[in-house]
>>> print(open('model-v7.txt').read())   # compact mmCIF, C-alpha atoms (C1' of nucleotides)
# COMPACT_ATOMS: atom_id res chain seq x y z
CA MET A 1 100.88 92.63 83.41
CA SER A 2 97.69 94.49 84.18
CA LEU A 3 98.48 97.92 82.74
CA ARG A 4 98.23 96.64 79.20
CA TYR A 5 94.83 95.06 79.75
CA GLY A 6 93.59 98.15 81.51
CA LEU A 7 94.53 100.18 78.42
CA LEU A 8 93.04 97.65 76.01
CA GLY A 9 89.86 97.57 78.06
CA LEU A 10 89.53 101.36 78.01
CA LEU A 11 90.24 101.42 74.25
CA ALA A 12 87.51 98.83 73.73
CA GLU A 13 85.06 101.66 74.46
CA GLY A 14 86.41 103.77 71.63
CA PRO A 15 89.55 105.44 70.24
CA ALA A 16 91.54 107.71 72.53
CA SER A 17 94.92 109.38 72.82
CA GLY A 18 97.58 108.54 75.39
CA TYR A 19 96.75 111.69 77.25
CA ASP A 20 93.03 110.84 77.34
CA LEU A 21 93.85 107.34 78.51
CA ALA A 22 96.03 108.61 81.33
CA ARG A 23 93.18 110.76 82.63
CA ARG A 24 90.55 108.08 82.17
CA PHE A 25 92.77 105.45 83.77
CA GLU A 26 93.06 107.66 86.82
CA ALA A 27 89.36 108.54 86.94
CA VAL A 28 87.91 105.14 86.13
CA LEU A 29 90.45 102.60 87.33
CA GLY A 30 92.36 104.74 89.84
CA ALA A 31 90.87 102.96 92.84
CA VAL A 32 91.93 99.57 91.56
CA TRP A 33 95.14 99.99 89.59
CA PRO A 34 97.71 102.78 89.46
CA ALA A 35 99.26 103.95 86.19
CA GLN A 36 101.98 106.49 85.54
CA GLN A 37 101.67 108.58 82.42
CA PRO A 38 105.13 107.66 81.05
CA LYS A 39 104.39 103.97 81.43
CA ILE A 40 101.13 104.42 79.53
CA TYR A 41 102.91 105.94 76.52
CA ALA A 42 105.53 103.20 76.59
CA GLU A 43 102.92 100.48 76.79
CA LEU A 44 100.88 102.03 73.95
CA ASN A 45 103.94 101.91 71.70
CA ARG A 46 104.52 98.29 72.63
CA LEU A 47 100.88 97.39 71.99
CA ALA A 48 101.03 99.14 68.61
CA ALA A 49 104.21 97.22 67.71
CA GLU A 50 102.42 93.97 68.55
CA GLY A 51 99.41 94.93 66.45
CA LEU A 52 96.96 94.94 69.37
CA ILE A 53 96.16 98.60 68.75
CA GLU A 54 96.74 100.94 65.81
CA ILE A 55 96.88 104.67 65.18
CA ASP A 56 93.41 105.87 64.29
CA SER A 57 94.38 109.41 63.39
CA GLU A 58 97.01 112.03 64.05
CA GLY A 59 95.32 115.21 65.11
CA PRO A 60 96.64 118.67 65.97
CA ARG A 61 99.08 119.24 68.85
CA ARG A 62 100.99 115.99 68.21
CA ARG A 63 97.84 114.22 69.27
CA LYS A 64 97.62 110.59 68.26
CA ALA A 65 94.42 108.63 68.64
CA TYR A 66 94.71 104.87 69.10
CA ARG A 67 92.11 102.30 68.15
CA ILE A 68 91.95 98.71 69.35
CA THR A 69 92.33 96.02 66.68
CA ASP A 70 90.50 92.69 66.48
CA GLU A 71 93.63 91.04 67.87
CA GLY A 72 93.62 93.47 70.79
CA LEU A 73 89.98 92.78 71.53
CA ALA A 74 90.65 89.06 71.44
CA ALA A 75 93.61 89.52 73.81
CA VAL A 76 91.65 91.41 76.45
CA ARG A 77 88.71 89.03 76.16
CA GLY A 78 91.04 86.09 76.65
CA TRP A 79 92.52 87.76 79.72
CA LEU A 80 89.07 88.20 81.27
CA THR A 81 88.51 84.48 81.60
CA SER A 82 92.10 83.24 81.77
CA GLY A 83 93.17 80.95 84.58
CA GLU A 84 95.17 81.40 87.71
CA VAL A 85 94.42 84.47 89.76
CA ASP A 86 96.68 85.51 92.60
CA HIS A 87 94.71 85.57 95.85
CA THR A 88 97.24 87.41 98.01
CA LEU A 89 95.90 90.70 99.32
CA ARG A 90 99.13 92.74 98.85
CA ILE A 91 97.70 95.66 100.76
CA GLN A 92 100.19 97.47 102.92
CA SER A 93 97.71 98.27 105.68
CA VAL A 94 96.96 94.57 106.00
CA LEU A 95 100.61 93.47 106.00
CA ARG A 96 101.46 96.04 108.62
CA SER A 97 98.71 94.74 110.85
CA ALA A 98 100.76 91.54 111.28
CA PHE A 99 103.41 93.43 113.20
CA PHE A 100 101.43 95.76 115.42
CA TRP A 101 102.45 93.64 118.40
CA LEU A 102 105.92 95.21 118.04
CA MET A 103 104.56 98.50 119.32
CA GLU A 104 104.38 99.52 122.93
CA PRO A 105 100.78 99.60 124.26
CA ASP A 106 100.65 103.40 124.37
CA GLU A 107 102.12 103.73 120.93
CA LEU A 108 99.74 101.11 119.54
CA ARG A 109 96.80 102.86 121.12
CA ALA A 110 97.72 106.18 119.55
CA HIS A 111 98.41 104.55 116.23
CA LEU A 112 95.16 102.61 116.17
CA GLU A 113 93.19 105.73 116.90
CA ARG A 114 94.74 107.29 113.83
CA GLU A 115 94.30 104.09 111.84
CA ARG A 116 90.69 103.71 112.84
CA ALA A 117 90.03 107.14 111.42
CA HIS A 118 92.05 106.30 108.34
CA PHE A 119 90.27 103.01 107.70
CA ALA A 120 86.91 104.61 108.30
CA ARG A 121 87.89 107.31 105.81
CA GLU A 122 88.94 104.72 103.23
CA ALA A 123 85.72 102.79 103.78
CA GLU A 124 83.76 106.01 103.40
CA TRP A 125 85.74 106.95 100.30
CA TYR A 126 84.81 103.69 98.64
CA ARG A 127 81.20 104.15 99.75
CA GLN A 128 81.11 107.61 98.18
CA TYR A 129 82.80 106.26 95.10
CA ALA A 130 80.09 103.62 94.83
CA ALA A 131 77.38 106.23 95.35
CA ALA A 132 78.91 108.51 92.71
CA LYS A 133 79.00 105.62 90.29
CA ASP A 134 75.34 104.89 91.08
CA ARG A 135 74.47 108.51 90.34
CA GLY A 136 76.47 108.34 87.10
CA ASP A 137 78.90 111.11 88.07
CA PHE A 138 81.63 109.57 85.95
CA GLY A 139 79.35 109.22 82.98
CA ASP A 140 77.63 105.97 82.35
CA SER A 141 80.39 104.04 80.64
CA PRO A 142 80.26 100.27 80.93
CA GLN A 143 83.40 100.21 83.11
CA THR A 144 81.87 102.69 85.46
CA ARG A 145 78.91 100.41 86.02
CA SER A 146 81.12 97.34 86.30
CA LEU A 147 83.41 98.97 88.83
CA ARG A 148 80.54 99.35 91.27
CA VAL A 149 81.63 95.98 92.62
CA ALA A 150 85.20 97.18 93.13
CA ALA A 151 83.92 100.05 95.26
CA GLU A 152 81.88 97.64 97.35
CA ALA A 153 84.84 95.29 97.75
CA GLY A 154 87.11 98.15 98.84
CA HIS A 155 84.49 99.40 101.25
CA ARG A 156 84.09 96.02 102.90
CA LEU A 157 87.83 95.45 103.13
CA TYR A 158 88.53 98.75 104.87
CA GLN A 159 85.43 98.36 107.03
CA ALA A 160 86.90 95.09 108.29
CA LEU A 161 90.11 96.89 109.27
CA ALA A 162 88.16 99.70 110.93
CA ASP A 163 86.03 97.21 112.89
CA TRP A 164 89.15 95.43 114.02
CA ALA A 165 90.74 98.67 115.21
CA ASP A 166 87.57 99.44 117.17
CA TRP A 167 87.53 95.99 118.68
CA THR A 168 91.18 96.14 119.67
CA LEU A 169 90.76 99.55 121.29
CA ASP A 170 87.61 98.47 123.11
CA THR A 171 89.07 95.30 124.59
CA ARG A 172 92.10 97.16 125.82
CA GLU A 173 90.41 99.88 127.76
CA MET B 1 109.42 97.67 99.68
CA SER B 2 107.42 95.27 101.76
CA LEU B 3 109.55 92.13 101.57
CA ARG B 4 112.23 93.67 103.74
CA TYR B 5 109.80 94.67 106.47
CA GLY B 6 108.14 91.28 106.33
CA LEU B 7 111.53 89.70 107.01
CA LEU B 8 112.44 92.17 109.74
CA GLY B 9 109.06 91.61 111.36
CA LEU B 10 109.52 87.86 111.39
CA LEU B 11 113.05 88.22 112.74
CA ALA B 12 111.71 90.41 115.53
CA GLU B 13 110.26 87.24 117.00
CA GLY B 14 113.65 85.58 117.15
CA PRO B 15 116.70 84.50 115.11
CA ALA B 16 116.11 82.36 112.04
CA SER B 17 117.85 81.18 108.88
CA GLY B 18 116.92 82.18 105.35
CA TYR B 19 115.39 78.78 104.84
CA ASP B 20 113.29 79.08 108.00
CA LEU B 21 112.18 82.54 106.97
CA ALA B 22 111.10 81.36 103.54
CA ARG B 23 108.86 78.71 105.10
CA ARG B 24 107.51 81.00 107.78
CA PHE B 25 106.89 83.79 105.27
CA GLU B 26 104.80 81.38 103.23
CA ALA B 27 102.93 79.98 106.24
CA VAL B 28 102.36 83.18 108.17
CA LEU B 29 102.26 85.96 105.57
CA GLY B 30 101.45 83.92 102.47
CA ALA B 31 97.87 85.19 102.28
CA VAL B 32 99.00 88.80 102.33
CA TRP B 33 102.36 89.01 100.60
CA PRO B 34 104.21 86.63 98.29
CA ALA B 35 107.96 86.01 98.61
CA GLN B 36 110.27 83.95 96.44
CA GLN B 37 113.06 82.12 98.20
CA PRO B 38 115.87 83.61 96.06
CA LYS B 39 114.64 87.11 96.77
CA ILE B 40 114.62 86.39 100.49
CA TYR B 41 118.29 85.42 100.47
CA ALA B 42 119.16 88.47 98.40
CA GLU B 43 117.24 90.76 100.74
CA LEU B 44 118.85 89.20 103.83
CA ASN B 45 122.30 89.94 102.43
CA ARG B 46 121.25 93.52 101.72
CA LEU B 47 119.80 93.93 105.23
CA ALA B 48 123.01 92.54 106.73
CA ALA B 49 125.12 94.95 104.66
CA GLU B 50 123.00 97.82 105.99
CA GLY B 51 123.37 96.62 109.55
CA LEU B 52 119.66 96.01 110.12
CA ILE B 53 120.34 92.34 110.82
CA GLU B 54 123.46 90.38 111.68
CA ILE B 55 124.62 86.78 111.61
CA ASP B 56 123.79 85.19 114.92
CA SER B 57 125.58 81.90 114.29
CA GLU B 58 126.75 79.67 111.50
CA GLY B 59 125.45 76.18 112.14
CA PRO B 60 125.90 72.90 110.28
CA ARG B 61 124.84 72.46 106.65
CA ARG B 62 125.89 75.96 105.63
CA ARG B 63 123.08 77.17 107.87
CA LYS B 64 123.27 80.80 108.88
CA ALA B 65 121.02 82.21 111.56
CA TYR B 66 120.21 85.92 111.39
CA ARG B 67 119.31 88.15 114.30
CA ILE B 68 117.67 91.56 114.08
CA THR B 69 119.72 94.51 115.36
CA ASP B 70 118.46 97.53 117.27
CA GLU B 71 118.64 99.50 114.02
CA GLY B 72 116.52 96.84 112.32
CA LEU B 73 113.93 96.94 115.06
CA ALA B 74 113.80 100.71 114.83
CA ALA B 75 113.35 100.48 111.05
CA VAL B 76 110.41 98.09 111.17
CA ARG B 77 108.80 100.04 114.00
CA GLY B 78 109.14 103.21 111.98
CA TRP B 79 107.54 101.54 108.98
CA LEU B 80 104.53 100.50 111.08
CA THR B 81 103.42 104.04 111.66
CA SER B 82 104.92 105.76 108.62
CA GLY B 83 102.80 107.95 106.42
CA GLU B 84 101.22 107.54 103.04
CA VAL B 85 99.58 104.23 102.37
CA ASP B 86 98.49 103.28 98.87
CA HIS B 87 94.74 102.65 98.85
CA THR B 88 94.50 101.01 95.42
CA LEU B 89 93.17 97.48 95.59
CA ARG B 90 95.51 95.97 92.94
CA ILE B 91 93.58 92.75 92.89
CA GLN B 92 93.30 91.16 89.49
CA SER B 93 89.80 89.80 90.07
CA VAL B 94 88.63 93.30 90.84
CA LEU B 95 90.34 94.91 87.85
CA ARG B 96 88.93 92.30 85.53
CA SER B 97 85.44 93.02 86.81
CA ALA B 98 85.67 96.44 85.13
CA PHE B 99 85.67 94.82 81.70
CA PHE B 100 83.11 92.07 82.01
CA TRP B 101 80.80 94.08 79.78
CA LEU B 102 83.11 93.06 76.88
CA MET B 103 81.81 89.52 77.07
CA GLU B 104 78.76 88.19 75.24
CA PRO B 105 75.82 87.51 77.58
CA ASP B 106 76.19 83.73 77.32
CA GLU B 107 79.91 83.87 77.86
CA LEU B 108 79.51 86.22 80.82
CA ARG B 109 76.90 83.95 82.35
CA ALA B 110 79.18 80.90 82.10
CA HIS B 111 82.13 82.88 83.40
CA LEU B 112 80.24 84.33 86.35
CA GLU B 113 79.05 80.91 87.36
CA ARG B 114 82.68 79.82 87.56
CA GLU B 115 83.69 83.08 89.24
CA ARG B 116 80.92 82.87 91.80
CA ALA B 117 82.28 79.47 92.80
CA HIS B 118 85.82 80.84 92.81
CA PHE B 119 84.97 83.89 94.93
CA ALA B 120 82.97 81.77 97.31
CA ARG B 121 85.97 79.45 97.59
CA GLU B 122 88.32 82.37 98.28
CA ALA B 123 85.92 83.75 100.86
CA GLU B 124 85.69 80.33 102.46
CA TRP B 125 89.47 79.93 102.35
CA TYR B 126 89.93 83.15 104.29
CA ARG B 127 87.19 82.09 106.70
CA GLN B 128 88.96 78.77 107.32
CA TYR B 129 92.26 80.62 107.65
CA ALA B 130 90.71 82.85 110.29
CA ALA B 131 89.26 79.82 112.08
CA ALA B 132 92.63 78.02 111.99
CA LYS B 133 94.27 81.09 113.46
CA ASP B 134 91.63 81.19 116.18
CA ARG B 135 92.35 77.55 116.99
CA GLY B 136 96.08 78.28 117.04
CA ASP B 137 96.94 75.83 114.23
CA PHE B 138 99.91 77.94 113.17
CA GLY B 139 101.20 78.18 116.68
CA ASP B 140 100.38 81.20 118.74
CA SER B 141 102.96 83.65 117.50
CA PRO B 142 102.08 87.32 117.75
CA GLN B 143 101.84 87.64 113.93
CA THR B 144 99.44 84.78 113.81
CA ARG B 145 97.11 86.56 116.19
CA SER B 146 97.54 89.88 114.42
CA LEU B 147 96.83 88.38 111.01
CA ARG B 148 93.36 87.39 112.13
CA VAL B 149 92.27 90.77 110.77
CA ALA B 150 93.83 90.06 107.38
CA ALA B 151 91.80 86.88 107.12
CA GLU B 152 88.63 88.78 107.94
CA ALA B 153 89.46 91.48 105.40
CA GLY B 154 90.14 88.91 102.68
CA HIS B 155 86.92 87.12 103.53
CA ARG B 156 84.85 90.27 103.27
CA LEU B 157 86.49 91.33 100.01
CA TYR B 158 85.85 88.04 98.25
CA GLN B 159 82.38 87.81 99.76
CA ALA B 160 81.59 91.15 98.13
CA LEU B 161 82.67 89.77 94.76
CA ALA B 162 80.66 86.58 95.28
CA ASP B 163 77.57 88.58 96.27
CA TRP B 164 77.96 90.71 93.18
CA ALA B 165 78.22 87.64 90.93
CA ASP B 166 75.04 86.28 92.53
CA TRP B 167 73.24 89.55 92.06
CA THR B 168 74.31 89.87 88.43
CA LEU B 169 73.22 86.34 87.64
CA ASP B 170 69.89 86.79 89.44
CA THR B 171 68.92 90.04 87.73
CA ARG B 172 69.72 88.56 84.33
CA GLU B 173 67.55 85.49 84.47
C1' DG C 1 105.23 139.63 68.21
C1' DC C 2 106.48 137.60 72.68
C1' DT C 3 105.58 135.08 76.75
C1' DT C 4 103.22 131.89 79.29
C1' DC C 5 100.88 127.92 80.26
C1' DA C 6 98.13 123.82 79.56
C1' DC C 7 98.24 120.13 76.50
C1' DA C 8 100.83 116.06 74.81
C1' DT C 9 104.57 112.67 74.25
C1' DG C 10 108.27 110.85 75.42
C1' DT C 11 113.64 109.20 77.42
C1' DA C 12 116.37 107.40 81.08
C1' DC C 13 117.14 105.25 85.06
C1' DC C 14 116.03 102.79 89.24
C1' DT C 15 113.62 99.51 92.39
C1' DT C 16 111.06 95.53 93.14
C1' DG C 17 109.32 91.25 92.23
C1' DG C 18 109.30 86.67 89.27
C1' DT C 19 111.62 82.61 87.55
C1' DA C 20 115.09 79.35 85.90
C1' DC C 21 118.84 77.18 87.19
C1' DA C 22 123.39 76.03 89.73
C1' DT C 23 125.75 74.61 93.80
C1' DG C 24 127.02 72.99 98.38
C1' DT C 25 125.91 69.95 102.67
C1' DC C 26 124.80 66.11 105.17
C1' DC C 27 121.81 62.20 106.50
C1' DC C 28 119.85 57.79 105.36
C1' DT C 29 119.66 53.60 103.18
C1' DA C 30 120.76 49.89 99.95
C1' DT D 1 130.58 53.08 100.78
C1' DA D 2 128.03 54.97 96.98
C1' DG D 3 124.29 57.50 95.79
C1' DG D 4 119.76 59.56 96.30
C1' DG D 5 117.28 63.16 98.27
C1' DA D 6 115.98 66.77 101.58
C1' DC D 7 118.07 70.73 103.37
C1' DA D 8 120.21 75.31 102.34
C1' DT D 9 122.12 79.22 99.74
C1' DG D 10 122.78 81.41 96.10
C1' DT D 11 123.58 83.62 90.65
C1' DA D 12 121.62 85.47 86.59
C1' DC D 13 118.39 87.41 84.04
C1' DC D 14 113.90 89.24 83.00
C1' DA D 15 109.45 91.81 83.62
C1' DA D 16 106.93 95.51 85.54
C1' DG D 17 106.12 99.44 87.99
C1' DG D 18 107.90 104.22 89.98
C1' DT D 19 109.93 108.70 89.24
C1' DA D 20 112.66 112.58 87.49
C1' DC D 21 113.21 115.16 83.83
C1' DA D 22 113.25 116.71 78.72
C1' DT D 23 110.82 118.15 74.67
C1' DG D 24 107.37 119.60 71.29
C1' DT D 25 102.69 122.22 70.24
C1' DG D 26 99.53 125.71 70.00
C1' DA D 27 96.05 128.87 72.06
C1' DA D 28 95.38 132.96 75.01
C1' DG D 29 96.83 137.18 77.03
C1' DC D 30 99.93 141.07 77.22
>>> encode(input="model-v7.txt", output="structure tokens")
Amino acid sequence: MSLRYGLLGLLAEGPASGYDLARRFEAVLGAVWPAQQPKIYAELNRLAAEGLIEIDSEGPRRRKAYRITDEGLAAVRGWLTSGEVDHTLRIQSVLRSAFFWLMEPDELRAHLERERAHFAREAEWYRQYAAAKDRGDFGDSPQTRSLRVAAEAGHRLYQALADWADWTLDTRE
Amino acid sequence: MSLRYGLLGLLAEGPASGYDLARRFEAVLGAVWPAQQPKIYAELNRLAAEGLIEIDSEGPRRRKAYRITDEGLAAVRGWLTSGEVDHTLRIQSVLRSAFFWLMEPDELRAHLERERAHFAREAEWYRQYAAAKDRGDFGDSPQTRSLRVAAEAGHRLYQALADWADWTLDTRE
DNA sequence: GCTTCACATGTACCTTGGTACATGTCCCTA
DNA sequence: TAGGGACATGTACCAAGGTACATGTGAAGC
């Protein structure tokens, strides 16, 4: 259950509405965790019912602002250092790579040429993302600084796939 | 829906029972995708109902052996080259890194020392996994060879996290 | 004053994965 | 020959994420 901790973590920076959180989730955590707007509203209601957040104010345009409670802060802090972490990669590109042998040589060649470009693009995207974070394009929030490592991790992962595609193409020609 | 393609991909190598597939899924794809035994049986029945696999034989001990059909092969091949791939990392260690700033300096220091060891262990695990694949410890099935790239990708990802933990600890002392 | 559109919050339903537990089968050994 | 245990297949339910669609609110432009 990562959505809830993502929301609590963002709220730890200061009060925000569901709508704000949806945009910030996308901008700040989009590269690491996806979140659909409807699920955000649902989760906020659940968190409020459990007392981990509370309504800070009700502004104009039906706008509610949520604030994290002490219990909420304790919950997200506990999660940060809590035990067992799943080490499976769960990345579709990686899983698919296990079955490339099913393709005919010509088909594989064509596919890998596309994939090489794709992986290189992903690697570059994460590199740019890291550079933008370094420049402070997303503001200089604490998450933004912390996520620098996520960008680097993504870059290295996709670079590994791109290198492998290169290697496979080279040894086949 | 990756479980189904994982199963189809494994069955592309040859007929197998649900029990076999559960063990092979764990051994071959365990580092990339998790699969619970009950879900495997459920998915096999669904695949059979859709005609993507069929029962090859019913052996002793209630043992059923499934065989992939031409439709099944076409489905998994189509999946290999099909469009949109999600580029989010969805790795808990990475998401958590966004909120480390919530910890007190002393707490962060202690946590990062544990994490550094953990990341280094993960990186090493993937390195060993790659080495074992190179030696052919898991047999020399086509997936095993293909998954060499997954091991490398996992290694690089966790190495990035370990490097970052080192860097953070160094610049703080 | 009416329309339009971006802002803002939801409801409903579906798919997928996670987990606890039940059952059947057959070999091996005391 | 009785029973323990590995092999083998499921049922049932729950948790979480994905997606389509409905609704309310208010400012800006005509």
>>> residues_around(input="model-v7.txt", residues="Leu80 of chain A", least_positions_apart="4", cutoff="12 Å", atoms="all atoms listed in the file", output="PDB file with C-alpha atoms, keeping the file's coordinate frame")
ATOM      1  CA  SER A   2      97.690  94.490  84.180  1.00  0.00           C
ATOM      2  CA  TYR A   5      94.830  95.060  79.750  1.00  0.00           C
ATOM      3  CA  GLY A   6      93.590  98.150  81.510  1.00  0.00           C
ATOM      4  CA  LEU A   8      93.040  97.650  76.010  1.00  0.00           C
ATOM      5  CA  GLY A   9      89.860  97.570  78.060  1.00  0.00           C
ATOM      6  CA  LEU A  73      89.980  92.780  71.530  1.00  0.00           C
ATOM      7  CA  ALA A  74      90.650  89.060  71.440  1.00  0.00           C
ATOM      8  CA  ALA A  75      93.610  89.520  73.810  1.00  0.00           C
ATOM      9  CA  VAL A  76      91.650  91.410  76.450  1.00  0.00           C
ATOM     10  CA  GLU A  84      95.170  81.400  87.710  1.00  0.00           C
ATOM     11  CA  VAL A  85      94.420  84.470  89.760  1.00  0.00           C
TER      12      VAL A  85
ATOM     13  CA  GLN B  92      93.300  91.160  89.490  1.00  0.00           C
ATOM     14  CA  SER B  93      89.800  89.800  90.070  1.00  0.00           C
ATOM     15  CA  VAL B  94      88.630  93.300  90.840  1.00  0.00           C
ATOM     16  CA  LEU B  95      90.340  94.910  87.850  1.00  0.00           C
ATOM     17  CA  ARG B  96      88.930  92.300  85.530  1.00  0.00           C
ATOM     18  CA  SER B  97      85.440  93.020  86.810  1.00  0.00           C
ATOM     19  CA  ALA B  98      85.670  96.440  85.130  1.00  0.00           C
ATOM     20  CA  PHE B  99      85.670  94.820  81.700  1.00  0.00           C
ATOM     21  CA  PHE B 100      83.110  92.070  82.010  1.00  0.00           C
ATOM     22  CA  TRP B 101      80.800  94.080  79.780  1.00  0.00           C
ATOM     23  CA  LEU B 102      83.110  93.060  76.880  1.00  0.00           C
ATOM     24  CA  MET B 103      81.810  89.520  77.070  1.00  0.00           C
ATOM     25  CA  GLU B 104      78.760  88.190  75.240  1.00  0.00           C
ATOM     26  CA  GLU B 107      79.910  83.870  77.860  1.00  0.00           C
ATOM     27  CA  LEU B 108      79.510  86.220  80.820  1.00  0.00           C
ATOM     28  CA  HIS B 111      82.130  82.880  83.400  1.00  0.00           C
ATOM     29  CA  LEU B 112      80.240  84.330  86.350  1.00  0.00           C
ATOM     30  CA  GLU B 115      83.690  83.080  89.240  1.00  0.00           C
TER      31      GLU B 115
END
>>> atom_distance(input="model-v7.txt", atom1="atom C1' of DT4 of chain C", atom2="atom C1' of DT19 of chain D")
26.1 Å
>>> interface_residues(input="model-v7.txt", of="chain A", to="chain C", cutoff="7 Å", atoms="all atoms listed in the file", output="list in words")
Tyr19, Arg61, Arg62 and Arg63 of chain A
>>> interface_residues(input="model-v7.txt", of="chain A", to="chain B", cutoff="6 Å", atoms="all atoms listed in the file", output="mmCIF file with C-alpha atoms, in the frame of the given file")
data_model
loop_
_atom_site.group_PDB
_atom_site.id
_atom_site.type_symbol
_atom_site.label_atom_id
_atom_site.label_comp_id
_atom_site.auth_asym_id
_atom_site.auth_seq_id
_atom_site.Cartn_x
_atom_site.Cartn_y
_atom_site.Cartn_z
ATOM 1 C CA ALA A 31 90.870 102.960 92.840
ATOM 2 C CA VAL A 32 91.930 99.570 91.560
ATOM 3 C CA TRP A 33 95.140 99.990 89.590
ATOM 4 C CA LEU A 80 89.070 88.200 81.270
ATOM 5 C CA THR A 88 97.240 87.410 98.010
ATOM 6 C CA LEU A 89 95.900 90.700 99.320
ATOM 7 C CA ARG A 90 99.130 92.740 98.850
ATOM 8 C CA VAL A 94 96.960 94.570 106.000
ATOM 9 C CA ARG A 96 101.460 96.040 108.620
ATOM 10 C CA ALA A 98 100.760 91.540 111.280
ATOM 11 C CA GLN A 143 83.400 100.210 83.110
ATOM 12 C CA SER A 146 81.120 97.340 86.300
ATOM 13 C CA LEU A 147 83.410 98.970 88.830
ATOM 14 C CA ALA A 150 85.200 97.180 93.130
ATOM 15 C CA ALA A 153 84.840 95.290 97.750
ATOM 16 C CA ARG A 156 84.090 96.020 102.900
ATOM 17 C CA LEU A 157 87.830 95.450 103.130
ATOM 18 C CA ALA A 160 86.900 95.090 108.290
#
>>> interface_residues(input="model-v7.txt", of="chain B", to="chain D", cutoff="12 Å", atoms="all atoms listed in the file", output="PyMOL selection string")
chain B and resi 1+17-22+37-45+59-65
>>> write_last_selection(input="model-v7.txt", atoms="C-alpha atoms", output="compact mmCIF listing (two decimals), in the frame of the given file")
# COMPACT_ATOMS: atom_id res chain seq x y z
CA MET B 1 109.42 97.67 99.68
CA SER B 17 117.85 81.18 108.88
CA GLY B 18 116.92 82.18 105.35
CA TYR B 19 115.39 78.78 104.84
CA ASP B 20 113.29 79.08 108.00
CA LEU B 21 112.18 82.54 106.97
CA ALA B 22 111.10 81.36 103.54
CA GLN B 37 113.06 82.12 98.20
CA PRO B 38 115.87 83.61 96.06
CA LYS B 39 114.64 87.11 96.77
CA ILE B 40 114.62 86.39 100.49
CA TYR B 41 118.29 85.42 100.47
CA ALA B 42 119.16 88.47 98.40
CA GLU B 43 117.24 90.76 100.74
CA LEU B 44 118.85 89.20 103.83
CA ASN B 45 122.30 89.94 102.43
CA GLY B 59 125.45 76.18 112.14
CA PRO B 60 125.90 72.90 110.28
CA ARG B 61 124.84 72.46 106.65
CA ARG B 62 125.89 75.96 105.63
CA ARG B 63 123.08 77.17 107.87
CA LYS B 64 123.27 80.80 108.88
CA ALA B 65 121.02 82.21 111.56
>>> atom_distance(input="model-v7.txt", atom1="atom CA of Asp170 of chain A", atom2="atom CA of Arg116 of chain A")
11.9 Å
>>> atom_distance(input="model-v7.txt", atom1="atom CA of Ala49 of chain A", atom2="atom CA of Arg23 of chain A")
23.0 Å
>>> decode(input="model-v7.txt", residues="segment 18-26 of chain D", atoms="N, CA, C and O atoms (P, O5', C5', C4', C3', O3' and C1' of nucleotides)", output="CSV table (one decimal), in the first residue's frame")
chain,number,residue,atom,x,y,z
D,18,DG,P,-2.4,1.4,-11.2
D,18,DG,O5',-3.8,1.0,-11.9
D,18,DG,C5',-3.9,-0.1,-12.7
D,18,DG,C4',-5.0,0.0,-13.7
D,18,DG,C3',-5.1,1.4,-14.4
D,18,DG,O3',-5.4,1.1,-15.8
D,18,DG,C1',-7.1,1.0,-13.2
D,19,DT,P,-5.6,2.2,-16.9
D,19,DT,O5',-7.2,2.5,-16.8
D,19,DT,C5',-8.0,1.4,-16.9
D,19,DT,C4',-9.5,1.9,-17.1
D,19,DT,C3',-9.6,3.2,-17.8
D,19,DT,O3',-10.7,3.1,-18.7
D,19,DT,C1',-10.7,3.3,-15.7
D,20,DA,P,-11.0,4.2,-19.8
D,20,DA,O5',-12.6,4.3,-19.8
D,20,DA,C5',-13.3,3.1,-19.3
D,20,DA,C4',-14.7,3.6,-18.8
D,20,DA,C3',-15.2,4.9,-19.5
D,20,DA,O3',-16.6,4.7,-19.8
D,20,DA,C1',-15.2,5.2,-17.2
D,21,DC,P,-17.3,5.9,-20.7
D,21,DC,O5',-18.2,6.6,-19.6
D,21,DC,C5',-18.8,5.8,-18.6
D,21,DC,C4',-19.2,6.7,-17.4
D,21,DC,C3',-19.8,8.1,-17.8
D,21,DC,O3',-21.1,8.2,-17.2
D,21,DC,C1',-18.3,8.3,-16.0
D,22,DA,P,-22.1,9.3,-17.6
D,22,DA,O5',-22.4,10.0,-16.2
D,22,DA,C5',-22.6,9.1,-15.0
D,22,DA,C4',-22.7,10.0,-13.8
D,22,DA,C3',-23.3,11.4,-14.0
D,22,DA,O3',-24.2,11.6,-12.9
D,22,DA,C1',-21.2,11.7,-13.1
D,23,DT,P,-25.2,12.8,-12.9
D,23,DT,O5',-24.5,13.8,-12.0
D,23,DT,C5',-24.2,13.4,-10.6
D,23,DT,C4',-23.3,14.5,-10.0
D,23,DT,C3',-23.9,15.9,-10.2
D,23,DT,O3',-24.4,16.4,-8.9
D,23,DT,C1',-21.6,15.9,-10.5
D,24,DG,P,-25.2,17.8,-8.8
D,24,DG,O5',-24.1,18.7,-8.2
D,24,DG,C5',-23.4,18.4,-7.0
D,24,DG,C4',-22.2,19.3,-6.8
D,24,DG,C3',-22.6,20.8,-6.9
D,24,DG,O3',-22.0,21.4,-5.8
D,24,DG,C1',-20.8,20.3,-8.3
D,25,DT,P,-22.2,23.0,-5.4
D,25,DT,O5',-21.0,23.6,-6.2
D,25,DT,C5',-19.6,23.4,-5.7
D,25,DT,C4',-18.7,24.5,-6.3
D,25,DT,C3',-19.3,25.9,-6.4
D,25,DT,O3',-18.3,26.8,-5.9
D,25,DT,C1',-18.5,25.3,-8.5
D,26,DG,P,-18.8,28.2,-5.3
D,26,DG,O5',-18.1,29.2,-6.4
D,26,DG,C5',-16.7,29.1,-6.6
D,26,DG,C4',-16.4,29.6,-7.9
D,26,DG,C3',-16.9,31.0,-8.3
D,26,DG,O3',-15.8,31.8,-8.7
D,26,DG,C1',-17.3,29.6,-10.0
